[in-house]
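Everything below concerns the one structure shown next.
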Amino acid sequence: MRTLIAGNWKMNGTRAMLGELDRIAAIAAATEQVDVAIAPPFTLIGEAAAHAGAVMIGGQDCHSADKGAHTGEISAPMLVEMGAGFVICGHSERRAEFDETDAVVLAKAQAAQNAGLIAIICIGEDEAERDEGRALMVVASELDGSVPATATAANLVVSYEPAWAIGTGRTPTADEIGEMHGIIRAKLLQLLGEEGRGVRILYGGSVNAGNASTILACPDVNGALIGGASLTAEQFVPIIEAAANVSQ
Ligand code: 13P
């Protein structure tokens with residue numbers, strides 16, 4: 001399975017940031033054993049796709065309908081037309097800020113896959129759920145509710161992102177990450193049969209150049225989804241290099 005290092009620029013990035021993408025693309029082209037992806041804001045997807053070279057460009061969200069009266073929304077076929085290859089579905093910030101339920105995430109992921117995109121479905125507990133000992137249950141139930149039954153190893157990536165680790169500098173221990181990813185793998189096998197064995201499971205939440213090697217070496221960690229440290233080539237490139245070393 002090829003390691004995937006994906007950056008989520010969130011609501012950051014103007015054209016000035018495309019220079020960072022050029023620098024990231026140069027390293028991605030030279031690092032054949034690792035897949036590299038970046039989700040810039042919608043406004044940059046077209047231009048980013050033209051700059052991207054070996055970097056796959058994607059969206060951070062899409063609507064579940066292909067078109068219609070949904071002011072302000074963007075559909076999966078529109079992302080495809082702009083050169084996107086994937087879309088993030090159900091990021092915890094969307095689940096929390098925009099009340100996205102598992103049913104909404106499922107519909108978005110289905111629309112994405114129907115349009116030919118890879119859906120990166122995000123799951124993960126918040127701090128209270130972890131403190132109450134419910135993290136494993138929350139993650140299993142999010143997988144039950146948001147993974148399309150027809151998903152394949154080619155069009156699904158799952159990203160485990162505990163909300164309390166996002167942007168905080170805190171991460172679960174390597175043992176905790178390994179345990180959670182093992183549970184996610186078992187659940188994917190239950191939901192998708194043998195196809196679930198090939199689905200890449202990313203870890204996201206405060207990944208940086210200092211902790212990437214340890215995190216990427218955990219069992220069933222097949223890559224990372226990175227926010228803050230994906231915004232500059234200076235911070236993102238060492239993570240790609242760490243992934244190349246771990247996957248050797
Ligand atoms: P940080 O890497 O900034 O913690 O964000 C992680 C994330 O939300 C990726 O989707």
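Within each chain, counting starts at residue 1; across the structure tokens, chains are named A, B, ... in the order shown, with ligands numbered 1 upward in that order.
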Within 8 Å of range 145-150 of chain A using only C-alpha atoms, minus same-chain residues under 3 positions, as a PyMOL selection string
chain A and resi 102-107+109-110+121+141-142+191-192
Could you pull out all residues of range 10-220 of chain A with a DSSP call of alpha helix (DSSP H) and give them as a PyMOL selection string?
chain A and resi 18-30+45-51+76-81+92-97+102-114+127-131+135-146+174-192+212-216
I'd like the contact shell of range 80-93 of chain A - 9 Å cut-off, only C-alpha atoms, skipping same-chain residues fewer than 4 positions apart - returned as a VMD selection string.
chain A and resid 8 37 39 45 to 50 56 to 62 75 to 76 97 to 98 100 to 102 104 to 106 108 to 109 112 to 113 115 to 126 146 155 159 161 to 163
Give me, as a tab-separated table, each residue of chain A that comes within 7 Å of ligand 1, together with its shortest interatomic pair and the distance in Å at one decimal, counting only C-alpha atoms and all ligand atoms, with rows ordered by chain and rising residue number.
```
residue	atom	partner	partner_atom_place_in_ligand_line	distance
A:Gly7	CA	ligand 1	9 (C)	6.9
A:Asn8	CA	ligand 1	10 (O)	5.2
A:His91	CA	ligand 1	10 (O)	6.6
A:Glu161	CA	ligand 1	8 (O)	6.8
A:Ala165	CA	ligand 1	4 (O)	6.1
A:Ile166	CA	ligand 1	4 (O)	3.5
A:Gly167	CA	ligand 1	4 (O)	3.5
A:Thr168	CA	ligand 1	4 (O)	6.3
A:Gly169	CA	ligand 1	4 (O)	6.9
A:Gly204	CA	ligand 1	6 (C)	5.0
A:Gly205	CA	ligand 1	4 (O)	3.8
A:Ser206	CA	ligand 1	4 (O)	3.5
A:Val207	CA	ligand 1	2 (O)	5.2
A:Leu225	CA	ligand 1	9 (C)	4.9
A:Ile226	CA	ligand 1	2 (O)	4.1
A:Gly227	CA	ligand 1	2 (O)	3.5
A:Gly228	CA	ligand 1	3 (O)	3.8
A:Ala229	CA	ligand 1	2 (O)	5.9
```
Could those residues be written to a file, using C-alpha atoms, as a tab-separated table (two decimals), in the first residue's frame?
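Listing of selection26.tsv after writing:
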```tsv
chain	number	residue	atom	x	y	z
A	7	GLY	CA	-2.35	18.56	3.21
A	8	ASN	CA	-5.57	20.35	4.14
A	91	HIS	CA	-13.90	16.90	8.49
A	161	GLU	CA	-8.55	12.80	13.33
A	165	ALA	CA	-5.48	16.84	18.57
A	166	ILE	CA	-6.27	19.22	15.69
A	167	GLY	CA	-4.23	22.41	15.83
A	168	THR	CA	-3.37	21.86	19.49
A	169	GLY	CA	0.11	20.36	19.34
A	204	GLY	CA	-4.52	13.60	11.32
A	205	GLY	CA	-4.00	16.02	14.21
A	206	SER	CA	-0.84	18.02	14.95
A	207	VAL	CA	1.39	15.98	12.63
A	225	LEU	CA	-3.68	14.37	6.81
A	226	ILE	CA	-1.93	17.56	7.81
A	227	GLY	CA	-3.33	21.01	8.48
A	228	GLY	CA	-0.98	23.69	9.80
A	229	ALA	CA	2.25	22.00	8.74
```
Residue list (strand (DSSP E or B), DSSP) for range 56-158 of chain A, as a PyMOL selection string:
chain A and resi 56-59+63+75+86-89+118-123+156-158
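Closest to Ala186 in chain A among A:Ala30, A:Met17, A:Ile201, A:Ala111 is A:Ile201, based on only C-alpha atoms.
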Name the closest residue to Asp35 in chain A among the candidates A:Leu136, A:Met1, A:Leu231, A:Val221; distances are taken between atoms, counting only C-alpha atoms.
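Going through A:Leu136, A:Met1, A:Leu231, A:Val221 one by one, the smallest distance to Asp35 in chain A is for A:Met1.
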Point out the residue among A:Ala135, A:Asn245, A:Ala224, A:Leu156 with the least atom-to-atom distance to Gln33 in chain A, counting only C-alpha atoms.
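With only C-alpha atoms as the atom set, the closest residue is A:Asn245.
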